file structure32.cif (mmCIF, C-alpha atoms)
data_upload
loop_
_atom_site.group_PDB
_atom_site.id
_atom_site.type_symbol
_atom_site.label_atom_id
_atom_site.label_comp_id
_atom_site.auth_asym_id
_atom_site.auth_seq_id
_atom_site.Cartn_x
_atom_site.Cartn_y
_atom_site.Cartn_z
ATOM 1 C CA MET Q 186 5.144 -10.340 -17.340
ATOM 2 C CA ASN Q 187 2.197 -7.947 -17.461
ATOM 3 C CA LEU Q 188 1.301 -5.411 -14.781
ATOM 4 C CA HIS Q 189 -2.233 -4.143 -14.219
ATOM 5 C CA THR Q 190 -3.505 -1.264 -12.101
ATOM 6 C CA ILE Q 191 -6.288 -2.386 -9.755
ATOM 7 C CA GLU Q 192 -8.351 0.419 -8.260
ATOM 8 C CA THR Q 193 -10.450 -0.552 -5.228
ATOM 9 C CA GLY Q 194 -12.107 2.795 -4.501
ATOM 10 C CA LEU Q 195 -11.443 6.034 -2.645
ATOM 11 C CA PHE Q 196 -11.620 6.905 1.033
ATOM 12 C CA LYS Q 197 -10.949 9.881 3.268
ATOM 13 C CA LEU Q 198 -8.482 10.480 6.070
ATOM 14 C CA ASP Q 199 -7.698 13.523 8.173
ATOM 15 C CA GLY Q 200 -5.287 15.804 6.355
ATOM 16 C CA GLY Q 201 -3.376 16.720 9.477
ATOM 17 C CA ALA Q 202 -2.783 13.057 10.285
ATOM 18 C CA MET Q 203 -1.601 12.434 6.734
ATOM 19 C CA PHE Q 204 0.962 15.240 6.797
ATOM 20 C CA GLY Q 205 2.137 15.274 10.406
ATOM 21 C CA VAL Q 206 3.954 18.459 11.419
ATOM 22 C CA VAL Q 207 3.441 20.185 8.049
ATOM 23 C CA PRO Q 208 0.947 23.103 8.352
ATOM 24 C CA LYS Q 209 -2.372 22.836 6.546
ATOM 25 C CA GLN Q 210 -1.780 26.041 4.601
ATOM 26 C CA ILE Q 211 1.102 24.234 2.896
ATOM 27 C CA TRP Q 212 -0.194 20.690 2.347
ATOM 28 C CA GLN Q 213 -3.658 21.738 1.194
ATOM 29 C CA LYS Q 214 -2.101 23.192 -1.958
ATOM 30 C CA THR Q 215 -1.533 19.667 -3.243
ATOM 31 C CA ASN Q 216 -4.155 17.706 -1.269
ATOM 32 C CA PRO Q 217 -7.155 19.968 -0.586
ATOM 33 C CA ALA Q 218 -9.338 19.092 2.400
ATOM 34 C CA ASP Q 219 -13.113 19.206 2.753
ATOM 35 C CA ASN Q 220 -14.977 21.073 5.501
ATOM 36 C CA LEU Q 221 -14.176 18.261 7.943
ATOM 37 C CA ASN Q 222 -10.437 18.528 7.173
ATOM 38 C CA LEU Q 223 -10.594 15.194 5.349
ATOM 39 C CA CYS Q 224 -8.597 14.515 2.182
ATOM 40 C CA THR Q 225 -9.414 11.946 -0.490
ATOM 41 C CA TRP Q 226 -7.020 9.039 -1.006
ATOM 42 C CA ALA Q 227 -6.877 6.049 -3.326
ATOM 43 C CA MET Q 228 -6.507 2.395 -2.395
ATOM 44 C CA ARG Q 229 -4.656 1.372 -5.541
ATOM 45 C CA CYS Q 230 -3.391 -2.188 -5.815
ATOM 46 C CA LEU Q 231 -1.193 -3.891 -8.385
ATOM 47 C CA LEU Q 232 -1.723 -7.146 -10.265
ATOM 48 C CA ILE Q 233 1.280 -9.063 -11.603
ATOM 49 C CA GLU Q 234 0.451 -11.537 -14.362
ATOM 50 C CA ASP Q 235 3.335 -13.858 -15.119
ATOM 51 C CA GLY Q 236 3.048 -17.402 -16.432
ATOM 52 C CA ASP Q 237 0.779 -19.429 -14.190
ATOM 53 C CA ARG Q 238 0.933 -16.913 -11.345
ATOM 54 C CA LEU Q 239 -1.409 -14.001 -10.765
ATOM 55 C CA ILE Q 240 -0.067 -11.953 -7.865
ATOM 56 C CA LEU Q 241 -2.205 -9.270 -6.223
ATOM 57 C CA ILE Q 242 -0.336 -6.701 -4.139
ATOM 58 C CA ASP Q 243 -2.633 -5.421 -1.352
ATOM 59 C CA ASN Q 244 -6.425 -5.421 -1.678
ATOM 60 C CA GLY Q 245 -7.942 -2.300 -0.152
ATOM 61 C CA ILE Q 246 -10.342 -1.897 2.756
ATOM 62 C CA GLY Q 247 -12.917 -4.517 1.798
ATOM 63 C CA ASP Q 248 -16.625 -4.276 2.629
ATOM 64 C CA LYS Q 249 -17.234 -6.625 5.558
ATOM 65 C CA GLN Q 250 -16.955 -3.992 8.304
ATOM 66 C CA ASP Q 251 -20.141 -2.541 9.766
ATOM 67 C CA ALA Q 252 -21.665 0.720 8.590
ATOM 68 C CA LYS Q 253 -20.381 2.652 11.601
ATOM 69 C CA PHE Q 254 -16.776 1.675 10.908
ATOM 70 C CA LEU Q 255 -16.978 2.402 7.193
ATOM 71 C CA SER Q 256 -18.674 5.761 7.818
ATOM 72 C CA HIS Q 257 -15.486 7.047 9.432
ATOM 73 C CA TYR Q 258 -13.655 6.668 6.115
ATOM 74 C CA HIS Q 259 -16.275 7.951 3.663
ATOM 75 C CA LEU Q 260 -15.761 5.314 0.972
ATOM 76 C CA HIS Q 261 -16.667 6.669 -2.446
ATOM 77 C CA GLY Q 262 -15.958 6.352 -6.161
ATOM 78 C CA ASP Q 263 -17.076 3.853 -8.768
ATOM 79 C CA ASP Q 264 -14.166 1.418 -8.499
ATOM 80 C CA THR Q 265 -14.172 -1.841 -6.563
ATOM 81 C CA LEU Q 266 -11.729 -4.718 -6.384
ATOM 82 C CA ASP Q 267 -14.061 -7.092 -8.227
ATOM 83 C CA LYS Q 268 -14.918 -4.536 -10.898
ATOM 84 C CA SER Q 269 -11.251 -3.763 -11.536
ATOM 85 C CA LEU Q 270 -10.302 -7.440 -11.731
ATOM 86 C CA ALA Q 271 -13.166 -8.112 -14.135
ATOM 87 C CA ALA Q 272 -12.043 -5.253 -16.377
ATOM 88 C CA LYS Q 273 -8.738 -7.116 -16.785
ATOM 89 C CA GLY Q 274 -10.484 -10.420 -17.459
ATOM 90 C CA PHE Q 275 -9.984 -11.958 -14.017
ATOM 91 C CA ASN Q 276 -11.865 -12.761 -10.835
ATOM 92 C CA ARG Q 277 -10.885 -13.566 -7.259
ATOM 93 C CA ALA Q 278 -10.639 -17.297 -7.923
ATOM 94 C CA ASP Q 279 -7.882 -16.638 -10.468
ATOM 95 C CA ILE Q 280 -5.526 -15.043 -7.927
ATOM 96 C CA THR Q 281 -2.670 -17.377 -6.975
ATOM 97 C CA ASP Q 282 -0.863 -15.064 -4.535
ATOM 98 C CA VAL Q 283 -1.938 -12.189 -2.311
ATOM 99 C CA PHE Q 284 1.106 -10.172 -1.284
ATOM 100 C CA LEU Q 285 0.425 -7.907 1.695
ATOM 101 C CA THR Q 286 2.818 -4.982 2.093
ATOM 102 C CA HIS Q 287 1.560 -4.649 5.679
ATOM 103 C CA LEU Q 288 -1.553 -5.442 7.659
ATOM 104 C CA HIS Q 289 -3.205 -2.061 8.198
ATOM 105 C CA PHE Q 290 -6.910 -2.317 7.366
ATOM 106 C CA ASP Q 291 -6.783 -0.175 4.211
ATOM 107 C CA HIS Q 292 -4.198 -2.523 2.709
ATOM 108 C CA CYS Q 293 -5.484 -5.949 3.728
ATOM 109 C CA GLY Q 294 -9.199 -5.540 4.509
ATOM 110 C CA GLY Q 295 -10.181 -7.149 1.217
ATOM 111 C CA SER Q 296 -8.347 -10.335 2.200
ATOM 112 C CA ILE Q 297 -11.304 -11.670 4.164
ATOM 113 C CA VAL Q 298 -15.025 -11.723 3.424
ATOM 114 C CA ARG Q 299 -18.044 -12.667 5.501
ATOM 115 C CA GLU Q 300 -19.971 -15.714 4.234
ATOM 116 C CA ALA Q 301 -22.876 -17.131 6.228
ATOM 117 C CA ASP Q 302 -21.628 -15.307 9.332
ATOM 118 C CA LYS Q 303 -18.162 -16.793 8.915
ATOM 119 C CA LEU Q 304 -14.948 -14.935 8.058
ATOM 120 C CA VAL Q 305 -13.211 -16.696 5.174
ATOM 121 C CA PRO Q 306 -10.495 -15.850 2.636
ATOM 122 C CA ALA Q 307 -11.741 -13.774 -0.293
ATOM 123 C CA PHE Q 308 -9.173 -15.470 -2.533
ATOM 124 C CA LYS Q 309 -9.826 -19.156 -2.036
ATOM 125 C CA ASN Q 310 -7.080 -20.413 -4.350
ATOM 126 C CA ALA Q 311 -4.354 -18.013 -3.242
ATOM 127 C CA THR Q 312 -1.410 -18.145 -0.911
ATOM 128 C CA TYR Q 313 -1.296 -15.078 1.343
ATOM 129 C CA TRP Q 314 2.165 -13.627 1.945
ATOM 130 C CA SER Q 315 3.395 -11.620 4.917
ATOM 131 C CA ASN Q 316 6.616 -11.831 6.921
ATOM 132 C CA GLU Q 317 7.010 -13.211 10.402
ATOM 133 C CA GLN Q 318 8.329 -10.020 11.984
ATOM 134 C CA HIS Q 319 5.466 -7.878 10.748
ATOM 135 C CA TRP Q 320 2.879 -10.575 11.464
ATOM 136 C CA ASP Q 321 3.974 -10.771 15.096
ATOM 137 C CA TRP Q 322 3.870 -6.981 15.292
ATOM 138 C CA ALA Q 323 0.306 -6.928 13.943
ATOM 139 C CA VAL Q 324 -1.212 -9.715 16.051
ATOM 140 C CA ASN Q 325 0.325 -8.227 19.222
ATOM 141 C CA PRO Q 326 -0.307 -4.561 18.456
ATOM 142 C CA ASN Q 327 0.811 -1.600 20.496
ATOM 143 C CA ASP Q 328 -1.900 0.690 21.875
ATOM 144 C CA ARG Q 329 -1.172 3.410 19.315
ATOM 145 C CA GLU Q 330 -1.454 1.169 16.272
ATOM 146 C CA LYS Q 331 -4.062 -1.395 17.327
ATOM 147 C CA ALA Q 332 -6.907 0.511 15.628
ATOM 148 C CA SER Q 333 -5.206 -0.173 12.284
ATOM 149 C CA PHE Q 334 -4.659 -3.899 12.917
ATOM 150 C CA LEU Q 335 -8.102 -5.482 12.905
ATOM 151 C CA LYS Q 336 -8.095 -9.109 14.000
ATOM 152 C CA GLU Q 337 -10.946 -9.962 11.635
ATOM 153 C CA ASN Q 338 -8.695 -8.974 8.711
ATOM 154 C CA ILE Q 339 -5.698 -10.917 9.933
ATOM 155 C CA LEU Q 340 -6.353 -14.012 12.048
ATOM 156 C CA PRO Q 341 -8.689 -15.758 9.538
ATOM 157 C CA ILE Q 342 -5.828 -15.759 7.034
ATOM 158 C CA GLN Q 343 -3.729 -17.895 9.337
ATOM 159 C CA GLU Q 344 -6.668 -20.037 10.422
ATOM 160 C CA SER Q 345 -7.369 -20.879 6.771
ATOM 161 C CA GLY Q 346 -3.941 -22.442 6.326
ATOM 162 C CA GLN Q 347 -3.264 -20.174 3.338
ATOM 163 C CA LEU Q 348 -0.654 -17.977 5.060
ATOM 164 C CA LYS Q 349 3.063 -18.139 4.283
ATOM 165 C CA PHE Q 350 5.970 -15.946 5.343
ATOM 166 C CA VAL Q 351 8.735 -14.550 3.189
ATOM 167 C CA ALA Q 352 12.241 -13.962 4.525
ATOM 168 C CA ASP Q 353 12.453 -10.685 6.428
ATOM 169 C CA GLN Q 354 15.573 -9.345 4.777
ATOM 170 C CA ASP Q 355 16.167 -6.770 2.079
ATOM 171 C CA GLY Q 356 16.551 -7.944 -1.486
ATOM 172 C CA VAL Q 357 14.968 -11.366 -1.070
ATOM 173 C CA ALA Q 358 13.461 -12.673 -4.322
ATOM 174 C CA PHE Q 359 9.712 -13.221 -4.160
ATOM 175 C CA HIS Q 360 9.277 -14.122 -7.817
ATOM 176 C CA GLU Q 361 11.447 -13.835 -10.897
ATOM 177 C CA GLY Q 362 11.891 -10.117 -11.464
ATOM 178 C CA VAL Q 363 10.267 -9.246 -8.128
ATOM 179 C CA HIS Q 364 12.409 -8.503 -5.083
ATOM 180 C CA ILE Q 365 11.375 -7.179 -1.683
ATOM 181 C CA ARG Q 366 12.607 -4.038 0.025
ATOM 182 C CA TYR Q 367 11.845 -3.519 3.719
ATOM 183 C CA ALA Q 368 10.931 -0.316 5.525
ATOM 184 C CA TYR Q 369 10.518 0.110 9.280
ATOM 185 C CA GLY Q 370 9.344 3.680 9.904
ATOM 186 C CA HIS Q 371 5.657 3.507 9.050
ATOM 187 C CA THR Q 372 5.189 0.158 10.763
ATOM 188 C CA ASP Q 373 7.546 -2.676 11.570
ATOM 189 C CA ALA Q 374 8.837 -4.609 8.525
ATOM 190 C CA MET Q 375 6.613 -3.182 5.784
ATOM 191 C CA MET Q 376 7.409 -4.818 2.423
ATOM 192 C CA LEU Q 377 7.881 -2.880 -0.825
ATOM 193 C CA PRO Q 378 7.966 -4.997 -4.004
ATOM 194 C CA GLN Q 379 10.612 -3.897 -6.516
ATOM 195 C CA ILE Q 380 9.748 -5.123 -10.003
ATOM 196 C CA GLN Q 381 11.751 -5.340 -13.207
ATOM 197 C CA TYR Q 382 9.360 -4.525 -16.035
ATOM 198 C CA LYS Q 383 10.029 -3.617 -19.653
ATOM 199 C CA GLY Q 384 13.602 -2.696 -18.857
ATOM 200 C CA LYS Q 385 12.581 -0.403 -16.000
ATOM 201 C CA THR Q 386 12.492 -0.679 -12.212
ATOM 202 C CA ILE Q 387 9.118 -0.119 -10.558
ATOM 203 C CA VAL Q 388 8.825 0.144 -6.781
ATOM 204 C CA TYR Q 389 5.440 -0.258 -5.113
ATOM 205 C CA VAL Q 390 6.035 2.324 -2.395
ATOM 206 C CA ALA Q 391 2.950 1.596 -0.201
ATOM 207 C CA ASP Q 392 3.032 3.927 2.827
ATOM 208 C CA LEU Q 393 6.652 4.980 2.551
ATOM 209 C CA LEU Q 394 5.375 7.579 0.077
ATOM 210 C CA PRO Q 395 1.566 7.853 0.079
ATOM 211 C CA SER Q 396 1.385 10.506 -2.665
ATOM 212 C CA VAL Q 397 3.454 12.951 -4.691
ATOM 213 C CA GLY Q 398 2.428 15.502 -2.073
ATOM 214 C CA HIS Q 399 4.644 13.624 0.392
ATOM 215 C CA LEU Q 400 7.877 13.923 -1.586
ATOM 216 C CA PRO Q 401 9.571 16.559 0.619
ATOM 217 C CA ILE Q 402 11.477 14.703 3.323
ATOM 218 C CA PRO Q 403 9.692 16.256 6.383
ATOM 219 C CA TYR Q 404 6.241 15.377 5.003
ATOM 220 C CA VAL Q 405 5.734 12.305 7.179
ATOM 221 C CA MET Q 406 2.380 10.946 8.330
ATOM 222 C CA ALA Q 407 1.376 11.178 11.977
ATOM 223 C CA TYR Q 408 0.333 7.538 11.533
ATOM 224 C CA ASP Q 409 3.986 6.475 11.255
ATOM 225 C CA MET Q 410 5.238 4.605 14.307
ATOM 226 C CA PHE Q 411 8.834 5.750 13.960
ATOM 227 C CA PRO Q 412 8.858 9.082 12.083
ATOM 228 C CA LEU Q 413 12.596 9.683 12.371
ATOM 229 C CA LYS Q 414 13.178 6.262 10.840
ATOM 230 C CA THR Q 415 10.779 7.182 8.031
ATOM 231 C CA LEU Q 416 12.788 10.374 7.433
ATOM 232 C CA THR Q 417 15.979 8.367 7.046
ATOM 233 C CA GLU Q 418 14.331 5.739 4.829
ATOM 234 C CA LYS Q 419 12.634 8.307 2.595
ATOM 235 C CA LYS Q 420 15.784 10.352 2.132
ATOM 236 C CA SER Q 421 17.870 7.344 1.164
ATOM 237 C CA PHE Q 422 15.229 5.783 -1.046
ATOM 238 C CA LEU Q 423 14.303 8.953 -2.931
ATOM 239 C CA GLN Q 424 17.948 9.688 -3.654
ATOM 240 C CA GLU Q 425 18.349 6.167 -5.024
ATOM 241 C CA ALA Q 426 15.133 6.547 -7.033
ATOM 242 C CA ALA Q 427 16.362 9.799 -8.549
ATOM 243 C CA ASP Q 428 19.825 8.435 -9.338
ATOM 244 C CA LYS Q 429 18.506 5.233 -10.913
ATOM 245 C CA ASN Q 430 15.325 6.640 -12.478
ATOM 246 C CA TYR Q 431 12.986 4.300 -10.654
ATOM 247 C CA ILE Q 432 9.261 4.442 -11.335
ATOM 248 C CA LEU Q 433 7.287 4.834 -8.117
ATOM 249 C CA TYR Q 434 3.872 3.154 -8.069
ATOM 250 C CA LEU Q 435 1.634 5.141 -5.733
ATOM 251 C CA GLU Q 436 -0.952 3.314 -3.649
ATOM 252 C CA HIS Q 437 -2.743 6.285 -2.070
ATOM 253 C CA ASP Q 438 -2.324 9.197 -4.471
ATOM 254 C CA PRO Q 439 -5.875 10.076 -5.610
ATOM 255 C CA GLU Q 440 -4.743 11.418 -9.001
ATOM 256 C CA ASN Q 441 -1.416 9.852 -9.961
ATOM 257 C CA GLU Q 442 -0.617 6.176 -10.499
ATOM 258 C CA CYS Q 443 3.103 6.478 -11.140
ATOM 259 C CA CYS Q 444 5.842 9.074 -10.919
ATOM 260 C CA THR Q 445 9.546 9.595 -11.344
ATOM 261 C CA VAL Q 446 11.699 11.961 -9.287
ATOM 262 C CA GLU Q 447 14.796 14.063 -9.861
ATOM 263 C CA GLN Q 448 17.412 15.944 -7.887
ATOM 264 C CA THR Q 449 16.797 19.704 -7.608
ATOM 265 C CA GLU Q 450 18.190 22.575 -5.568
ATOM 266 C CA LYS Q 451 15.448 21.914 -3.013
ATOM 267 C CA GLY Q 452 16.194 18.199 -2.831
ATOM 268 C CA VAL Q 453 14.514 15.299 -4.603
ATOM 269 C CA ARG Q 454 11.306 16.474 -6.231
ATOM 270 C CA LEU Q 455 8.689 15.305 -8.723
ATOM 271 C CA LYS Q 456 9.873 14.816 -12.291
ATOM 272 C CA GLU Q 457 6.806 13.482 -14.091
ATOM 273 C CA THR Q 458 3.595 11.553 -13.486
ATOM 274 C CA PHE Q 459 1.884 9.014 -15.741
ATOM 275 C CA LYS Q 460 -0.259 5.904 -15.817
ATOM 276 C CA LEU Q 461 1.192 2.423 -15.587
ATOM 277 C CA SER Q 462 -0.433 1.623 -18.944
ATOM 278 C CA ASP Q 463 1.697 4.328 -20.572
ATOM 279 C CA LEU Q 464 4.845 2.233 -20.144
#
call {"tool": "encode", "arguments": {"input": "structure32.cif", "output": "structure tokens"}}
result
Amino acid sequence: MNLHTIETGLFKLDGGAMFGVVPKQIWQKTNPADNLNLCTWAMRCLLIEDGDRLILIDNGIGDKQDAKFLSHYHLHGDDTLDKSLAAKGFNRADITDVFLTHLHFDHCGGSIVREADKLVPAFKNATYWSNEQHWDWAVNPNDREKASFLKENILPIQESGQLKFVADQDGVAFHEGVHIRYAYGHTDAMMLPQIQYKGKTIVYVADLLPSVGHLPIPYVMAYDMFPLKTLTEKKSFLQEAADKNYILYLEHDPENECCTVEQTEKGVRLKETFKLSDL
């Protein structure tokens, strides 16, 4: 098995929304905001190369939305999904599986492209993976979360016939060496791949832990549907990660790809950061 970092570009979100009840004078020390109170975030995906399977975990925001929509998120940077795949010697047609941690637009927007005024899968030879509980949550969104679940990102996947569901239970095996953890605080039934790689355990933490700046337990996004659930999930997971020396693969951290954590007097805190390629 080989793992590859896939950068799809940077975008901006409101710093207050990203840190919830934490005051700006505290969070801006690690994630400085611009004059509009916007912070820069990555949309970092992961490519698993193993035998005849090429599994892409998440795929960024995509580029099919109109200029007005994209202007809200200030997309920038030199990286794109296609450019990052090409740098590893691959293209979209090579992808056999697209694993979607959840269906918020910044995680699944690259799933669908517009061709001749039609919305079609960007990965024509791939199976798209979600789970039934989260899928139902996304296609019947609540009023608070519906702006993150865009039908044009989601429904064409099912209409294509390329959608499959994994079992919605912790620890289910998705692929040899890849098991799924579930989290329910950020959104219902978000999936976190846990990967055995070179004798180490890597967890793709998605929006359970957007960045190293979110390590303290109360640092929970205002975007989370069930913040008290997130608190419980974070506390338990970070303690496990510290005890077992997990490597956390960070989807949204603008600077750091991976980190480890350790127990301190103040709780679980950052131990070290590094690139996936350093393993």
call {"tool": "resolve_selection", "arguments": {"input": "structure32.cif", "expression": "the PyMOL selection byres ((chain Q and resi 351-356) around 6)", "output": "JSON, numbers by chain"}}
result
{"Q": [316, 350, 357, 364, 365, 366, 367]}
call {"tool": "resolve_selection", "arguments": {"input": "structure32.cif", "expression": "the PyMOL selection byres ((chain Q and resi 315) around 7)", "output": "list in words"}}
result
Phe284, Leu285, Tyr313, Trp314, Asn316, Glu317, Trp320, Lys349, Phe350 and Val351 of chain Q
call {"tool": "residues_around", "arguments": {"input": "structure32.cif", "residues": "Tyr431 of chain Q", "least_positions_apart": "5", "cutoff": "12 Å", "atoms": "all atoms listed in the file", "output": "list of chain:residue names"}}
result
Q:Gln379, Q:Ile380, Q:Gln381, Q:Tyr382, Q:Gly384, Q:Lys385, Q:Thr386, Q:Ile387, Q:Val388, Q:Tyr389, Q:Val390, Q:Phe422, Q:Leu423, Q:Gln424, Q:Glu425, Q:Ala426, Q:Cys443, Q:Cys444, Q:Thr445, Q:Val446, Q:Glu447, Q:Leu455, Q:Lys456, Q:Glu457
call {"tool": "atom_distance", "arguments": {"input": "structure32.cif", "atom1": "atom CA of Phe359 of chain Q", "atom2": "atom CA of Val283 of chain Q"}}
result
11.8 Å
call {"tool": "axis_aligned_box", "arguments": {"input": "structure32.cif", "around": "segment 253-256 of chain Q", "padding_each_side": "4 Å", "output": "lines of an AutoDock Vina configuration file"}}
result
center_x = -18.6
center_y = 3.7
center_z = 9.4
size_x = 11.6
size_y = 12.1
size_z = 12.4
call {"tool": "residues_around", "arguments": {"input": "structure32.cif", "residues": "Leu394 of chain Q", "least_positions_apart": "3", "cutoff": "9 Å", "atoms": "only C-alpha atoms", "output": "short mmCIF file (atom, residue, chain, number, x, y, z; two decimals) with C-alpha atoms, in the frame of the given file"}}
result
data_model
loop_
_atom_site.label_atom_id
_atom_site.label_comp_id
_atom_site.auth_asym_id
_atom_site.auth_seq_id
_atom_site.Cartn_x
_atom_site.Cartn_y
_atom_site.Cartn_z
CA VAL Q 390 6.04 2.32 -2.40
CA ALA Q 391 2.95 1.60 -0.20
CA VAL Q 397 3.45 12.95 -4.69
CA GLY Q 398 2.43 15.50 -2.07
CA HIS Q 399 4.64 13.62 0.39
CA LEU Q 400 7.88 13.92 -1.59
CA VAL Q 405 5.73 12.30 7.18
CA LYS Q 419 12.63 8.31 2.60
CA LEU Q 433 7.29 4.83 -8.12
CA LEU Q 435 1.63 5.14 -5.73
CA GLU Q 436 -0.95 3.31 -3.65
CA HIS Q 437 -2.74 6.28 -2.07
#
call {"tool": "closest_residue", "arguments": {"input": "structure32.cif", "among": "Q:Glu361, Q:Asp264, Q:Asp328, Q:Asp392", "to": "Leu288 of chain Q", "atoms": "all atoms listed in the file"}}
result
Q:Asp392
call {"tool": "atom_distance", "arguments": {"input": "structure32.cif", "atom1": "atom CA of Pro403 of chain Q", "atom2": "atom CA of Lys209 of chain Q"}}
result
13.7 Å
call {"tool": "closest_residue", "arguments": {"input": "structure32.cif", "among": "Q:Asp199, Q:Gly245, Q:Pro326, Q:Glu300", "to": "Asn220 of chain Q", "atoms": "all atoms listed in the file"}}
result
Q:Asp199
call {"tool": "residues_around", "arguments": {"input": "structure32.cif", "residues": "Asp219 of chain Q", "least_positions_apart": "6", "cutoff": "12 Å", "atoms": "all atoms listed in the file", "output": "list in words"}}
result
Lys197, Leu198, Asp199, Gly200, Lys209, Gln213, Thr225 and His259 of chain Q
call {"tool": "residues_around", "arguments": {"input": "structure32.cif", "residues": "Gly247 of chain Q", "least_positions_apart": "5", "cutoff": "10 Å", "atoms": "only C-alpha atoms", "output": "ChimeraX atom specification"}}
result
/Q:193-194,255,265-266,290-298,307,338
call {"tool": "closest_residue", "arguments": {"input": "structure32.cif", "among": "Q:Ile211, Q:Ile240, Q:Ala227, Q:Ala218", "to": "Asp438 of chain Q", "atoms": "all atoms listed in the file"}}
result
Q:Ala227
call {"tool": "atom_distance", "arguments": {"input": "structure32.cif", "atom1": "atom CA of Asp428 of chain Q", "atom2": "atom CA of Leu231 of chain Q"}}
result
24.4 Å
call {"tool": "closest_residue", "arguments": {"input": "structure32.cif", "among": "Q:His257, Q:His371, Q:Arg329, Q:Lys214", "to": "Met406 of chain Q", "atoms": "only C-alpha atoms"}}
result
Q:His371
